[in-house]
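K.L.:
Please find one structure pasted underneath; my questions will follow.
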Amino acid sequence: MPGGLMALLDDVAVIARAAAASIDDVSVAASKAGTKAAGVVIDDAAVTPGYVTGLSPARELPIIWSITKGSLKNKLILLLPGALLLSWLLPQAITYILIMGGSYLCYEGAEKVMEKLGEPKHGKTLEDPIEDVEEFEKKRINGAIRTDLILSAEIMAISLNEIAKISDEFWIRAAALAAVGIAITLVVYGAVALIVKMDDVGLHLKEEGGEAGQKIGEFLLLAMPRLLVALSFIGTIAMLWVGGGIILHGLHEIGIHAPSDLAHSVQHAVEETTGALSGVLGWTTYAGLSAIFGLVLGAIIVFVLHHVLKFGAHGDDGAQAH
């Protein structure tokens, strides 16, 4: 009996070590996938505050919570099963999905750049009069969740592509994807909640705080508009950089090597001539070239959609935060 008990304990210890190793695999896979998807996360965090800008401060957090729930539903109920099924039945399709998602990011980024340069804005904007606040809020939430679905699909596809390089076990892929989806959603919308309430906190401190609190409150009030402008700029750059990089890599994967090879050649040339800064400057060079590629491709898509197909004319349903 003692021998049998010891054997059982040994078996339990082996199982526990295997489980711990598997959990570690999930952690590693999720971490690497989350890092790879960081550019899309930056865009997500930069885009979302615009959906509550201009609405009642009392409604900001409820709206963000509604968008957060929609984002979790997008990732865990709609996209997670689809991504796992696709990786099992048709893994080669992931590259094409990434290219499609990258093209969308390039389109969004280029559209923002072109609008800043004088291109007419498309869709309903914050400058338009709000006739029905409740209906406008509902459309704003639905629009944010639709945008989140596209960005989430890109995040999940990027994550799955990275996780597949680490493990081919189904449950590790599933657990890592779920971990990435939940973590990114909480980080993004938690950050958004802090950002959109920053001016309220600043106003409270300015009115109710002591001398130090009033100075902090005034700083927050002054910083808020600048932060929103900075986030918009960062989000645009992130869309072009990530979108262009995804497409360059995707084209290389399907046998179209010239664009990616050219970008890498310039990157390596910079690395060879910059000494101690070669790593940073080489990465910056490739990211910059990816952004330029994304901007050119996005501008072509914008021209085709808006000027050839006449898609997205002003006055369409939905609300865009520009």
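Identifiers for the structure tokens are assigned positionally: chains receive A, B, ... in sequence, residues are indexed from 1 per chain, and ligands are indexed from 1 in the order shown.
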Which neighbours of region 109-117 of chain A fall inside 7 Å, counting only C-alpha atoms, when residues of the same chain fewer than 2 positions from it are skipped, and could you give them as a list in words?
P.N.:
Leu105, Cys106, Tyr107, Glu119, Pro120, Lys121, Thr236, Met239, Leu240, Leu295, Gly298, Ala299 and Val302 of chain A
K.L.:
If we count only C-alpha atoms, what is near region 243-251 of chain A at a cut-off of 9 Å, once residues fewer than 3 positions away on the same chain are taken out, given as a PDB file with N, CA and C atoms, in the first residue's frame?
P.N.:
```pdb
ATOM      1  N   GLY A  39       0.791  47.201 -31.745  1.00  0.00           N
ATOM      2  CA  GLY A  39       0.464  48.326 -32.622  1.00  0.00           C
ATOM      3  C   GLY A  39      -1.026  48.504 -32.804  1.00  0.00           C
ATOM      4  N   VAL A  40      -1.746  47.398 -32.958  1.00  0.00           N
ATOM      5  CA  VAL A  40      -3.194  47.477 -33.107  1.00  0.00           C
ATOM      6  C   VAL A  40      -3.826  47.929 -31.794  1.00  0.00           C
ATOM      7  N   THR A  95      -3.038  34.063 -43.237  1.00  0.00           N
ATOM      8  CA  THR A  95      -2.216  35.076 -43.897  1.00  0.00           C
ATOM      9  C   THR A  95      -3.069  36.038 -44.702  1.00  0.00           C
ATOM     10  N   TYR A  96      -4.061  35.513 -45.429  1.00  0.00           N
ATOM     11  CA  TYR A  96      -4.922  36.369 -46.245  1.00  0.00           C
ATOM     12  C   TYR A  96      -5.832  37.234 -45.378  1.00  0.00           C
ATOM     13  N   LEU A  98      -4.977  38.326 -42.423  1.00  0.00           N
ATOM     14  CA  LEU A  98      -4.083  39.374 -41.937  1.00  0.00           C
ATOM     15  C   LEU A  98      -3.892  40.466 -42.987  1.00  0.00           C
ATOM     16  N   ILE A  99      -3.745  40.079 -44.240  1.00  0.00           N
ATOM     17  CA  ILE A  99      -3.576  41.066 -45.314  1.00  0.00           C
ATOM     18  C   ILE A  99      -4.829  41.930 -45.445  1.00  0.00           C
ATOM     19  N   MET A 100      -6.001  41.314 -45.349  1.00  0.00           N
ATOM     20  CA  MET A 100      -7.243  42.078 -45.414  1.00  0.00           C
ATOM     21  C   MET A 100      -7.341  43.049 -44.241  1.00  0.00           C
ATOM     22  N   GLY A 101      -7.020  42.560 -43.039  1.00  0.00           N
ATOM     23  CA  GLY A 101      -7.049  43.430 -41.870  1.00  0.00           C
ATOM     24  C   GLY A 101      -6.024  44.545 -41.966  1.00  0.00           C
ATOM     25  N   GLY A 102      -4.835  44.210 -42.453  1.00  0.00           N
ATOM     26  CA  GLY A 102      -3.805  45.227 -42.641  1.00  0.00           C
ATOM     27  C   GLY A 102      -4.232  46.289 -43.643  1.00  0.00           C
ATOM     28  N   SER A 103      -4.928  45.873 -44.684  1.00  0.00           N
ATOM     29  CA  SER A 103      -5.431  46.825 -45.684  1.00  0.00           C
ATOM     30  C   SER A 103      -6.443  47.767 -45.066  1.00  0.00           C
ATOM     31  N   TYR A 104      -7.280  47.230 -44.172  1.00  0.00           N
ATOM     32  CA  TYR A 104      -8.262  48.082 -43.490  1.00  0.00           C
ATOM     33  C   TYR A 104      -7.553  49.113 -42.606  1.00  0.00           C
ATOM     34  N   LEU A 105      -6.529  48.684 -41.882  1.00  0.00           N
ATOM     35  CA  LEU A 105      -5.790  49.625 -41.045  1.00  0.00           C
ATOM     36  C   LEU A 105      -5.129  50.710 -41.896  1.00  0.00           C
ATOM     37  N   CYS A 106      -4.569  50.333 -43.038  1.00  0.00           N
ATOM     38  CA  CYS A 106      -3.959  51.312 -43.946  1.00  0.00           C
ATOM     39  C   CYS A 106      -5.001  52.299 -44.458  1.00  0.00           C
ATOM     40  N   TYR A 107      -6.169  51.778 -44.800  1.00  0.00           N
ATOM     41  CA  TYR A 107      -7.270  52.632 -45.273  1.00  0.00           C
ATOM     42  C   TYR A 107      -7.673  53.634 -44.201  1.00  0.00           C
ATOM     43  N   GLY A 109      -5.944  54.681 -41.565  1.00  0.00           N
ATOM     44  CA  GLY A 109      -4.867  55.630 -41.311  1.00  0.00           C
ATOM     45  C   GLY A 109      -4.737  56.659 -42.420  1.00  0.00           C
ATOM     46  N   ILE A 158      -3.313  38.133 -35.521  1.00  0.00           N
ATOM     47  CA  ILE A 158      -1.887  38.303 -35.221  1.00  0.00           C
ATOM     48  C   ILE A 158      -1.481  37.380 -34.086  1.00  0.00           C
ATOM     49  N   ALA A 238       0.247  54.375 -35.806  1.00  0.00           N
ATOM     50  CA  ALA A 238       0.203  52.944 -35.477  1.00  0.00           C
ATOM     51  C   ALA A 238      -0.549  52.161 -36.539  1.00  0.00           C
ATOM     52  N   MET A 239      -1.668  52.706 -37.016  1.00  0.00           N
ATOM     53  CA  MET A 239      -2.435  52.016 -38.053  1.00  0.00           C
ATOM     54  C   MET A 239      -1.599  51.826 -39.311  1.00  0.00           C
ATOM     55  N   LEU A 240      -0.913  52.888 -39.737  1.00  0.00           N
ATOM     56  CA  LEU A 240      -0.124  52.810 -40.973  1.00  0.00           C
ATOM     57  C   LEU A 240       1.077  51.893 -40.802  1.00  0.00           C
ATOM     58  N   ILE A 254       3.162  34.826 -49.169  1.00  0.00           N
ATOM     59  CA  ILE A 254       2.460  34.228 -50.318  1.00  0.00           C
ATOM     60  C   ILE A 254       3.306  34.273 -51.591  1.00  0.00           C
ATOM     61  N   GLY A 255       4.580  34.663 -51.465  1.00  0.00           N
ATOM     62  CA  GLY A 255       5.486  34.567 -52.606  1.00  0.00           C
ATOM     63  C   GLY A 255       5.797  35.865 -53.317  1.00  0.00           C
ATOM     64  N   ILE A 256       5.273  36.991 -52.840  1.00  0.00           N
ATOM     65  CA  ILE A 256       5.585  38.299 -53.441  1.00  0.00           C
ATOM     66  C   ILE A 256       6.636  38.950 -52.549  1.00  0.00           C
ATOM     67  N   HIS A 257       7.903  38.763 -52.907  1.00  0.00           N
ATOM     68  CA  HIS A 257       8.990  39.096 -52.002  1.00  0.00           C
ATOM     69  C   HIS A 257       9.551  40.507 -52.163  1.00  0.00           C
ATOM     70  N   ALA A 258       9.380  41.135 -53.304  1.00  0.00           N
ATOM     71  CA  ALA A 258      10.088  42.378 -53.607  1.00  0.00           C
ATOM     72  C   ALA A 258       9.832  43.503 -52.589  1.00  0.00           C
ATOM     73  N   PRO A 259       8.578  43.822 -52.230  1.00  0.00           N
ATOM     74  CA  PRO A 259       8.368  44.939 -51.278  1.00  0.00           C
ATOM     75  C   PRO A 259       9.044  44.694 -49.930  1.00  0.00           C
ATOM     76  N   SER A 260       8.878  43.494 -49.392  1.00  0.00           N
ATOM     77  CA  SER A 260       9.476  43.177 -48.093  1.00  0.00           C
ATOM     78  C   SER A 260      10.997  43.156 -48.184  1.00  0.00           C
ATOM     79  N   ASP A 261      11.534  42.577 -49.250  1.00  0.00           N
ATOM     80  CA  ASP A 261      12.992  42.508 -49.415  1.00  0.00           C
ATOM     81  C   ASP A 261      13.598  43.903 -49.510  1.00  0.00           C
ATOM     82  N   ALA A 263      12.373  46.725 -48.200  1.00  0.00           N
ATOM     83  CA  ALA A 263      12.324  47.347 -46.875  1.00  0.00           C
ATOM     84  C   ALA A 263      13.408  46.785 -45.967  1.00  0.00           C
ATOM     85  N   TYR A 286      12.599  50.331 -40.652  1.00  0.00           N
ATOM     86  CA  TYR A 286      11.619  49.380 -41.187  1.00  0.00           C
ATOM     87  C   TYR A 286      10.197  49.812 -40.847  1.00  0.00           C
ATOM     88  N   ALA A 287       9.995  50.294 -39.619  1.00  0.00           N
ATOM     89  CA  ALA A 287       8.663  50.757 -39.233  1.00  0.00           C
ATOM     90  C   ALA A 287       8.242  51.950 -40.083  1.00  0.00           C
ATOM     91  N   LEU A 289       9.298  52.724 -43.159  1.00  0.00           N
ATOM     92  CA  LEU A 289       9.007  52.257 -44.516  1.00  0.00           C
ATOM     93  C   LEU A 289       7.661  51.524 -44.564  1.00  0.00           C
ATOM     94  N   SER A 290       7.361  50.766 -43.514  1.00  0.00           N
ATOM     95  CA  SER A 290       6.063  50.096 -43.441  1.00  0.00           C
ATOM     96  C   SER A 290       4.936  51.117 -43.417  1.00  0.00           C
ATOM     97  N   ALA A 291       5.130  52.202 -42.651  1.00  0.00           N
ATOM     98  CA  ALA A 291       4.111  53.247 -42.566  1.00  0.00           C
ATOM     99  C   ALA A 291       3.920  53.950 -43.911  1.00  0.00           C
ATOM    100  N   ILE A 292       5.036  54.217 -44.608  1.00  0.00           N
ATOM    101  CA  ILE A 292       4.935  54.853 -45.933  1.00  0.00           C
ATOM    102  C   ILE A 292       4.207  53.941 -46.910  1.00  0.00           C
ATOM    103  N   PHE A 293       4.569  52.660 -46.889  1.00  0.00           N
ATOM    104  CA  PHE A 293       3.881  51.688 -47.743  1.00  0.00           C
ATOM    105  C   PHE A 293       2.396  51.652 -47.401  1.00  0.00           C
ATOM    106  N   GLY A 294       2.095  51.647 -46.096  1.00  0.00           N
ATOM    107  CA  GLY A 294       0.696  51.630 -45.663  1.00  0.00           C
ATOM    108  C   GLY A 294      -0.048  52.872 -46.093  1.00  0.00           C
ATOM    109  N   LEU A 295       0.609  54.027 -46.017  1.00  0.00           N
ATOM    110  CA  LEU A 295      -0.025  55.285 -46.416  1.00  0.00           C
ATOM    111  C   LEU A 295      -0.347  55.296 -47.911  1.00  0.00           C
ATOM    112  N   LEU A 297      -0.694  52.634 -49.966  1.00  0.00           N
ATOM    113  CA  LEU A 297      -1.754  51.664 -50.231  1.00  0.00           C
ATOM    114  C   LEU A 297      -3.092  52.170 -49.714  1.00  0.00           C
ATOM    115  N   GLY A 298      -3.103  52.735 -48.503  1.00  0.00           N
ATOM    116  CA  GLY A 298      -4.347  53.250 -47.931  1.00  0.00           C
ATOM    117  C   GLY A 298      -4.927  54.371 -48.752  1.00  0.00           C
TER     118      GLY A 298
END
```
K.L.:
Just checking: using only C-alpha atoms, which residue out of A:Asp148, A:Ser167, A:Leu186, A:Pro91 ends up closest to Trp65 (chain A)?
P.N.:
A:Leu186
K.L.:
Quick one: pull the distance between CA of Thr284 (chain A) and CA of Ile155 (chain A), Å, one decimal.
P.N.:
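Separating CA of Thr284 (chain A) from CA of Ile155 (chain A) is a distance of 21.8 Å.
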